[in-house]
Amino acid sequence: TKYRTYVVEGQPSDTWVLTVQAYNTGSILRGQMQYTIGTGLPFAISLSTGTITTTTPLNREFINFYSLNVTATYVSRSSSVIVEVTVLDVNDKIPILNPAVPNSISFPETTQEGALLATITGSDADIGTNGMLAFYTVSGNDDTAFSLDPLSGTIRLTRQLDYETGPRTYTVAFGLSDFGTPRLTSTTTTTITFRLQNVIENPPQFSSSIYTCTLTNGVFNPACIVSATSVESNGVQYNVYNNEIAFSVGLSSGQIQMRAAGTLDPSYKTYPLLVTTSISQSPSLNSSALVFISVVVTYTNSPLFEPLPSSFRVPENLPNNTIAFFIHARYASSPGAVVYSWISGNGSFGISALSGAVYVTGPLNYETSGGGAYVINVVATNPATNAQQPMMYTVMISDVSENTMAPFFTDTSPREVLVFIDSAVGTTVANLTALDYDPAPDGVVTYAVLGGTGYGYFAINRSTGALATSFMLTAFGPSKLVLSVAARDGSLKPMQSVCNVTLILANSSNAKPFFTAPVTVAGVPEGPTSVGSIVAMVTAYTSDSVDLTISYTITSGDSYRQFSVNNASGIVSTVSELNYQQQSVYSLVISTSRPGTPGSAKQTSTVALVVINVEDVNFPPQFGNINFTALVFQNFPVSATVPAMRVFALDFDTGNNSLLSYSILNPAPGLPFAIDLWSGNIFLTSALNASLAPRYAVTVRATDQGIPPLSQSTTIQIVVVPPSSPSAASLTCSTVPGITVVEYVPLGTPVAAYVAQVSDSRVLMYSIQSSTPTNPPFSILVTTGVLYVIAPVRYAVSASYTLTIGVSDRWNNIQCTFTVSVIDVNDKRPQFSATNFHFATTEHAGVGTVVGMVAATDSDAGANGMVTYSIVDAANPLSLTLFNITNDGFLKVSADINREILPIHTLTVAAADGGTPPLVNYTRVVVQVTDMNDYTPTFLFPVPDIFVPENAAIGSTVFLITAFDPDDGTNAVVVFSLQQSAGIPFSLTPSTGSLIVTTPLDYESSTGYNLVITASNPSNPGLNTTATFHVSIQDISDSGPTITGPSEVSILEDLEPYSFMAQF
C-alpha cells in the first residue's frame, strides 16, 4: 500500500530513486503496464518500467520529505500507490556563528568561580550529527580564565580574578564547527571583550607605622608629613584621631599642622598623635600610624640643666629632711645665680631654691605611691632676666622589704590557644601576663619556655610574654601541643610560677579545601522514578579535618540542569527525569568554596569528578511496521546459509535488555520458511511454487533477554514472485564510494542506499549474505537496498565492517562487497591503572629527580586516545611548587623539598585525552618524603639565665638544658657536652642535658660562671650548635653589712642648708 525510500541530497539529476511494479492476476505484465506520477515535484517516472528518478538535485534543507502519488494503468484499469521519499542529509551547510551580544562584558573582581558571564549562539541547517554545534575558543584565553561549554556555548569564570595582580581586560575570540563528516567550520569568529572591574578590598598602607617630627618654638622644621598609598585607589584621605585641639592633618596632603597657638601643655615633651587614613570610596577600609611630635622650646639666657639621670631611686624608709638627691643647672656662657622651684611637685619632697637639693618632707610608701614612682617638675630661673628652663624627674621608691611574693599568671593569660597551622613563623599566638607585687628589681618578671611537646615550635618574648611560632607547623603532626612556661622575678633569690599552655592546632579559614576522593562513580536508573534520587555524596576537607563551612557547586557537565548538589552537605541528586537513550553517562565537575579571612578571597578547588552512569530500564523491542510485505523469487534456492530475507526489530536498551531473539509464532504445517534465533535471517526450507501458494503470512516475534523478557510481534506478507522468461540483460555491482557511520548513531538511521546496476527494469532483491566481522549492526531492505543501523555501533568493537550483499533478479544472482567504516567518537575517558599511587622520595632530592610514574590508557582512536598528564590540585598549595609531571606521566621534583616543612604531599593528577572537547579523569598521588639529617640542633633563644643558690648540694640537678632538632627518628636525637675549664663546678649529662653540681659553690668566691654548651646530633656530629649559659650564684646571707666612707669632713661656716657634704 505504500513504498518508502531514501535519497541522499545533492545527488545529480537522473539519480535512481525507486522502481515500482504493478501486477495483474499474479503475473508481472511487462511492456503493457504504464506508470505516471504527479506533476510539480522534482521527480520523473519511466512510463514503461516504473523507475523513479530525480529531475534536479534535492536540497534537504529546503524540503526533506516528498509524498509521490504513482498510478499504474493497464488498458482501462488503474491503481495508485504512495511513494514516500525521505531526503538524507549531507554535511553541506557551514555552521553560522552569531555575533556575540553584548560583545563587551564587565564584571567585578569578586565574581565567584563558575559564574555565567555570557552565552554564544549559532546555527546549522543540517540535522543529526551534521547539525550538532561545537563551540571552541580561538584565542585570548591563554591563562584559562574562562571555560566554554562546547555544546551549550555558555562561558563561565574558571577562577576568581584579581584586579591588582592579573590582566584587567581579556579579548577572547570564539569559533564554531559541526560534528559532521567532513567537519565544517564557521567562516567567521565572534569576539567578546571581558573587562575586570576593581573592587576596593584593602585599606591604604602608611609608608611607616611610626613617624617622628620636631616642633621647635611652634614651627615644624622640616615639614611633618605622613604618607599612605593604595594600589586600588588614588582617593587617600587623612584624619587626626586624637589631640584634635592642638594639631590637624591635611585631608589629602598628610601634612601635620598646629591648629592654634598657645594650646600646648608646657609640661609635655612629646605628643603622641594617631593619624588614620582611608579611601574616599570606602571609608570603612582604614589604617593608622603613630606620629610622635617632640616639642622643643628655646629660651633666651636661660639656665640649662646638667645632663643628670632623669630618674632617681630612693628607699621608702628615708626620714623627713633627708636629702634624696641633687639637681643642678648652669649658664652656657658664664656663671650666675640660679633659683630652683617646683612647677608641680609632690607633698613628699621639697627643693632648696639655691642648692637644688631635693629632700624628703613626708613619709614615702612604696605600696601607696602608684607603683613606687613620683613625678616632679622643676624649673630653673635666671633671677636677672626671669628666663626659665623646665625639667621633669621621676623618683622611684624602692621597697625595702624582702622578696616575699612569687610571680603569678593573671586570669587573662590563656590556658588554651587556637593556632592556625598555616601561620607564618614569628606569628604571635598569645600574650601571657604574670604579676609580682614586690618592688623592682624583685618584681620585674621575665618569661621562659621550660619544655613540653611544643618546645621548638614556639618561643616567648623574655620581657613581654608574647608567645609566637618559631617553626613551620604542619597538619600531619599532633593536633595539640603543650608548653610549660615559667614566669620568674628579678630577685637575687628568684621565685617563679609555671603555667601549662595547650596549643590547639586548627585550620585557618584561608586553607584551601581538598576533596577526599578526586573521582566518584555512581549509578541511577532511568525513568520517572529517578527524579529526586540521591546519586552520590562528595566530601572536601581543609588540611586534616572536615570543615562544615565548605560549600559545593556543579560547575560543568550538567548542560540541561538535571542534577543538583546540596551546598552544605555535598549530596548530589537528580532534579529531572533521566533517559538512558538520550544520555547514558554524565560527568559532573564539582567545585568547592569556603569563606576566607577578612579581606581575603574565597579559597576554591575544582577537581572532583562525579561520573553518573544512567542504568537502563527495560523497554520492549520495536518493529518499524506491525505489518509489511516482502517479495521472494520462486526460484530462490533452498539454503541454510543464504537468507531469503531478514527481519529485524530495534531495541534501544543496553546489555541483555537489548539482546534480541526471533521466532515464528504458530507456524502453519508445511511453512517453507525458518528463522535464525539471533540474527532474524529467514531461510527457505523447501521450494516455492507461486501457482500453488502465491502468498504466506508469517508472524515473527522479537524477544529481549531482560528480566522479565519483553517482546513485540509483526506479520510479514511474503509474496512469491513467479518466474518469467530469462533475460539476457546484465546485472552488475555498483561502484560504492567510501561509506562511513559515526559510532553511537541512533538505531534506525539509514547509512547508505546500495543499488546494483541492471540494464532493464527488472525487480531486484537484496540481502546481507556475510560480514567481516560477523554479526554486523546493519540490515538491508530487501526491495530498496537501503542499509540501516539496527544495533549499537561501537568503534571499540570494530573499526569497519566488510559486507557481502547478495543481489537477485529471479534468474541472476551476484554478490557485491563494500566496506562501512566506523568513525570514532571521543567517548572513552582515560582510565588510570590504579585508583591511588603511592611514591617516596628523599628530601632535598635534586630537581628533575623522578619520583614515580602514573599510567592511564584510553581505548579511543587517534588523538581521542592520546593521553597527557597534569597536576591540578594538592592538599597543601606548597606541593604544587615542588613537583611537576611530564606528558608521559613521570612525576618529577621541580624545587627543593624540605620534609620538616611538609612530610607528606597529596596531589591530584589529571589524565586528559586529545579529543575535542577532551575527556578527563583524575587520580590521587601521595608522596612520602623521607628524612635527611639536615637540621642543626638549636637552643631556644634567648638562652635563659640560670640561678643557683650557693648552698646547692653536690650531685643535685640545678637546671635542665634543652635543644630542638626538627629532623625525624635518630636524626632528631640531641646530645649535650660542656666545654670544661678550670674552676667550673658543674657537669652535664649528655643524653638528658641535666646540669649537675660537682664541687661546693661559694658566692663570695665567685658570683657566676659562663658555661659553653654544645648540642649535637650523634648521627652527624658536625651538625651542632654552641651557646653560652650564664649561671648566677645566689648569695645565702652569712655576714652583716659594713659602712664605707670618709672619717672626717670639712665644711664652710656659711654653707646653705641641705648642701652636699660627703658620700657614704
# chains A, B, ... in the order shown; residues from 1 in each chain; ligands from 1
$ residues_around --residues "Phe623 in chain A" --least-positions-apart "5" --cutoff "7 Å" --atoms "only C-alpha atoms" --output "short mmCIF file (atom, residue, chain, number, x, y, z; two decimals) with C-alpha atoms, in the first residue's frame"
data_model
loop_
_atom_site.label_atom_id
_atom_site.label_comp_id
_atom_site.auth_asym_id
_atom_site.auth_seq_id
_atom_site.Cartn_x
_atom_site.Cartn_y
_atom_site.Cartn_z
CA PHE A 648 14.75 -7.04 12.45
CA ALA A 649 13.44 -5.10 15.39
CA LEU A 650 15.09 -2.20 17.17
CA THR A 714 5.00 -8.28 13.35
#
$ residues_around --residues "Asn221 in chain A" --least-positions-apart "3" --cutoff "12 Å" --atoms "only C-alpha atoms" --output "NGL selection string"
:A and (212-218 or 224-225 or 256-257 or 293-296)
$ write_last_selection --atoms "C-alpha atoms" --output "mmCIF file, in the first residue's frame"
data_model
loop_
_atom_site.group_PDB
_atom_site.id
_atom_site.type_symbol
_atom_site.label_atom_id
_atom_site.label_comp_id
_atom_site.auth_asym_id
_atom_site.auth_seq_id
_atom_site.Cartn_x
_atom_site.Cartn_y
_atom_site.Cartn_z
ATOM 1 C CA THR A 212 58.736 61.334 64.412
ATOM 2 C CA CYS A 213 58.624 65.120 63.989
ATOM 3 C CA THR A 214 60.134 68.055 65.850
ATOM 4 C CA LEU A 215 58.162 71.224 66.713
ATOM 5 C CA THR A 216 60.675 73.951 67.580
ATOM 6 C CA ASN A 217 59.160 77.090 69.062
ATOM 7 C CA GLY A 218 55.849 76.243 67.410
ATOM 8 C CA CYS A 224 55.926 66.936 59.247
ATOM 9 C CA ILE A 225 54.233 64.820 56.559
ATOM 10 C CA ILE A 256 50.695 67.837 60.228
ATOM 11 C CA GLN A 257 49.959 71.420 61.325
ATOM 12 C CA ILE A 293 55.857 65.170 67.989
ATOM 13 C CA SER A 294 58.816 66.322 70.072
ATOM 14 C CA VAL A 295 58.249 69.868 71.405
ATOM 15 C CA VAL A 296 61.409 71.976 71.706
#
$ atom_distance --atom1 "CA of Leu273 in chain A" --atom2 "CA of Val378 in chain A"
26.0 Å
$ residues_around --residues "range 989-1005 of chain A" --least-positions-apart "2" --cutoff "6 Å" --atoms "only C-alpha atoms" --output "ChimeraX atom specification"
/A:950,954-961,975-977,985-987,1007,1033,1035
$ residues_around --residues "Leu151 in chain A" --least-positions-apart "6" --cutoff "12 Å" --atoms "only C-alpha atoms" --output "MDAnalysis selection string"
chainID A and resid 119:123 131:136 176:179 556:560 916:917
$ residues_around --residues "Thr51 in chain A" --least-positions-apart "4" --cutoff "9 Å" --atoms "only C-alpha atoms" --output "PyMOL selection string"
chain A and resi 16-21+35+44-47+761
$ write_last_selection --atoms "N, CA, C and O atoms" --output "short mmCIF file (atom, residue, chain, number, x, y, z; two decimals), in the first residue's frame"
data_model
loop_
_atom_site.label_atom_id
_atom_site.label_comp_id
_atom_site.auth_asym_id
_atom_site.auth_seq_id
_atom_site.Cartn_x
_atom_site.Cartn_y
_atom_site.Cartn_z
N TRP A 16 18.71 7.48 -9.60
CA TRP A 16 17.65 6.47 -9.39
C TRP A 16 17.09 6.59 -7.97
O TRP A 16 17.84 6.72 -7.00
N VAL A 17 15.80 6.53 -7.87
CA VAL A 17 15.13 6.64 -6.57
C VAL A 17 14.51 5.31 -6.19
O VAL A 17 14.77 4.76 -5.11
N LEU A 18 13.68 4.74 -7.07
CA LEU A 18 12.94 3.52 -6.76
C LEU A 18 12.30 3.03 -8.04
O LEU A 18 11.98 3.82 -8.93
N THR A 19 12.15 1.74 -8.11
CA THR A 19 11.38 1.15 -9.21
C THR A 19 10.13 0.50 -8.63
O THR A 19 10.23 -0.35 -7.74
N VAL A 20 8.96 0.95 -9.09
CA VAL A 20 7.70 0.34 -8.65
C VAL A 20 7.18 -0.55 -9.77
O VAL A 20 7.42 -0.30 -10.95
N GLN A 21 6.54 -1.62 -9.39
CA GLN A 21 5.96 -2.51 -10.38
C GLN A 21 4.58 -2.93 -9.91
O GLN A 21 4.37 -3.19 -8.72
N TYR A 35 3.10 3.77 -16.24
CA TYR A 35 3.21 4.42 -14.93
C TYR A 35 3.26 5.93 -15.12
O TYR A 35 3.91 6.44 -16.04
N ALA A 44 10.68 12.19 -11.84
CA ALA A 44 10.09 11.69 -13.08
C ALA A 44 10.01 10.17 -13.00
O ALA A 44 10.76 9.55 -12.23
N ILE A 45 9.06 9.56 -13.74
CA ILE A 45 8.90 8.11 -13.71
C ILE A 45 8.90 7.59 -15.14
O ILE A 45 8.35 8.22 -16.05
N SER A 46 9.59 6.47 -15.32
CA SER A 46 9.59 5.84 -16.65
C SER A 46 8.20 5.29 -16.92
O SER A 46 7.64 4.55 -16.10
N LEU A 47 7.61 5.66 -18.09
CA LEU A 47 6.25 5.25 -18.43
C LEU A 47 6.11 3.74 -18.46
O LEU A 47 5.10 3.18 -18.04
N SER A 761 14.37 -3.13 -16.55
CA SER A 761 13.57 -2.72 -15.40
C SER A 761 13.23 -3.88 -14.48
O SER A 761 12.21 -3.87 -13.82
#
$ select_by_dssp --residues "range 144-269 of chain A" --states "strand (DSSP E)" --output "PyMOL selection string"
chain A and resi 146-148+154-157+169-178+190-197+205-206+210-216+219-220+228-229+236-240+247-249+256-258
$ residues_around --residues "Val7 in chain A" --least-positions-apart "5" --cutoff "12 Å" --atoms "only C-alpha atoms" --output "JSON, numbers by chain"
{"A": [12, 13, 14, 15, 16, 17, 18, 43, 52, 53, 54, 57, 58, 59, 60, 64, 65, 66, 84, 85, 86, 87, 88, 89, 90, 750, 751, 752, 753, 754, 755, 784, 785, 786]}
$ write_last_selection --atoms "N, CA, C and O atoms" --output "short mmCIF file (atom, residue, chain, number, x, y, z; two decimals), in the first residue's frame"
data_model
loop_
_atom_site.label_atom_id
_atom_site.label_comp_id
_atom_site.auth_asym_id
_atom_site.auth_seq_id
_atom_site.Cartn_x
_atom_site.Cartn_y
_atom_site.Cartn_z
N PRO A 12 23.19 14.18 -8.42
CA PRO A 12 22.87 14.83 -9.71
C PRO A 12 21.48 14.41 -10.22
O PRO A 12 20.88 13.46 -9.74
N SER A 13 21.01 15.15 -11.19
CA SER A 13 19.74 14.81 -11.83
C SER A 13 19.82 13.40 -12.42
O SER A 13 20.90 12.90 -12.74
N ASP A 14 18.66 12.76 -12.54
CA ASP A 14 18.53 11.39 -13.07
C ASP A 14 19.05 10.35 -12.10
O ASP A 14 19.31 9.21 -12.50
N THR A 15 19.19 10.73 -10.83
CA THR A 15 19.57 9.72 -9.82
C THR A 15 18.40 8.79 -9.60
O THR A 15 17.25 9.22 -9.41
N TRP A 16 18.71 7.48 -9.60
CA TRP A 16 17.65 6.47 -9.39
C TRP A 16 17.09 6.59 -7.97
O TRP A 16 17.84 6.72 -7.00
N VAL A 17 15.80 6.53 -7.87
CA VAL A 17 15.13 6.64 -6.57
C VAL A 17 14.51 5.31 -6.19
O VAL A 17 14.77 4.76 -5.11
N LEU A 18 13.68 4.74 -7.07
CA LEU A 18 12.94 3.52 -6.76
C LEU A 18 12.30 3.03 -8.04
O LEU A 18 11.98 3.82 -8.93
N PHE A 43 10.68 14.96 -9.54
CA PHE A 43 10.83 13.54 -9.84
C PHE A 43 10.16 13.24 -11.18
O PHE A 43 9.22 13.93 -11.61
N ILE A 52 11.64 5.49 -10.90
CA ILE A 52 11.52 6.89 -10.50
C ILE A 52 12.94 7.46 -10.38
O ILE A 52 13.81 6.87 -9.74
N THR A 53 13.14 8.63 -11.00
CA THR A 53 14.44 9.31 -10.93
C THR A 53 14.20 10.77 -10.56
O THR A 53 13.08 11.28 -10.63
N THR A 54 15.33 11.44 -10.14
CA THR A 54 15.23 12.86 -9.81
C THR A 54 15.38 13.69 -11.07
O THR A 54 16.05 13.29 -12.03
N PRO A 57 18.90 18.18 -8.53
CA PRO A 57 19.48 17.82 -7.23
C PRO A 57 18.54 18.25 -6.08
O PRO A 57 17.98 19.35 -6.11
N LEU A 58 18.39 17.39 -5.08
CA LEU A 58 17.50 17.67 -3.96
C LEU A 58 18.27 18.40 -2.86
O LEU A 58 19.46 18.20 -2.67
N ASN A 59 17.52 19.24 -2.17
CA ASN A 59 18.10 20.01 -1.06
C ASN A 59 17.28 19.71 0.19
O ASN A 59 16.14 20.14 0.32
N ARG A 60 17.88 18.96 1.13
CA ARG A 60 17.14 18.55 2.32
C ARG A 60 16.72 19.75 3.16
O ARG A 60 15.67 19.76 3.79
N ASN A 64 12.55 18.17 3.01
CA ASN A 64 13.19 16.94 3.45
C ASN A 64 12.33 15.70 3.26
O ASN A 64 12.75 14.60 3.62
N PHE A 65 11.13 15.88 2.71
CA PHE A 65 10.25 14.72 2.55
C PHE A 65 9.28 14.98 1.39
O PHE A 65 8.75 16.09 1.24
N TYR A 66 9.11 13.95 0.61
CA TYR A 66 8.18 14.04 -0.51
C TYR A 66 7.23 12.85 -0.46
O TYR A 66 7.63 11.72 -0.13
N GLU A 84 6.81 7.34 -0.50
CA GLU A 84 7.36 8.35 0.41
C GLU A 84 8.88 8.38 0.26
O GLU A 84 9.55 7.36 0.43
N VAL A 85 9.40 9.56 -0.06
CA VAL A 85 10.83 9.73 -0.28
C VAL A 85 11.37 10.65 0.82
O VAL A 85 10.95 11.80 0.95
N THR A 86 12.28 10.10 1.59
CA THR A 86 12.96 10.91 2.62
C THR A 86 14.32 11.32 2.09
O THR A 86 15.10 10.49 1.60
N VAL A 87 14.62 12.61 2.19
CA VAL A 87 15.89 13.15 1.70
C VAL A 87 16.90 13.04 2.85
O VAL A 87 16.68 13.59 3.94
N LEU A 88 17.97 12.29 2.62
CA LEU A 88 19.01 12.12 3.65
C LEU A 88 19.97 13.30 3.63
O LEU A 88 20.32 13.82 2.58
N ASP A 89 20.39 13.65 4.82
CA ASP A 89 21.25 14.83 4.99
C ASP A 89 22.69 14.54 4.61
O ASP A 89 23.22 13.46 4.89
N VAL A 90 23.32 15.51 3.98
CA VAL A 90 24.75 15.53 3.72
C VAL A 90 25.30 16.77 4.43
O VAL A 90 24.65 17.82 4.43
N PRO A 750 19.42 5.40 8.51
CA PRO A 750 19.91 4.84 7.24
C PRO A 750 21.36 5.25 7.02
O PRO A 750 21.74 6.39 7.26
N VAL A 751 22.17 4.28 6.60
CA VAL A 751 23.59 4.53 6.39
C VAL A 751 23.90 4.80 4.92
O VAL A 751 24.63 5.72 4.59
N ALA A 752 23.35 3.99 4.03
CA ALA A 752 23.61 4.14 2.60
C ALA A 752 22.53 3.39 1.83
O ALA A 752 21.81 2.54 2.39
N ALA A 753 22.38 3.74 0.58
CA ALA A 753 21.47 3.02 -0.31
C ALA A 753 22.31 2.31 -1.36
O ALA A 753 23.00 2.95 -2.15
N TYR A 754 22.28 0.94 -1.33
CA TYR A 754 23.07 0.18 -2.29
C TYR A 754 22.16 -0.27 -3.42
O TYR A 754 21.14 -0.92 -3.19
N VAL A 755 22.52 0.09 -4.62
CA VAL A 755 21.72 -0.27 -5.80
C VAL A 755 22.63 -0.92 -6.83
O VAL A 755 23.64 -0.35 -7.23
N THR A 784 14.77 -2.27 -1.54
CA THR A 784 15.35 -0.95 -1.85
C THR A 784 16.87 -0.93 -1.77
O THR A 784 17.51 -0.05 -2.33
N GLY A 785 17.46 -1.85 -1.00
CA GLY A 785 18.90 -1.82 -0.84
C GLY A 785 19.38 -0.78 0.14
O GLY A 785 20.59 -0.52 0.22
N VAL A 786 18.48 -0.18 0.95
CA VAL A 786 18.89 0.82 1.94
C VAL A 786 19.44 0.10 3.17
O VAL A 786 18.79 -0.81 3.71
#
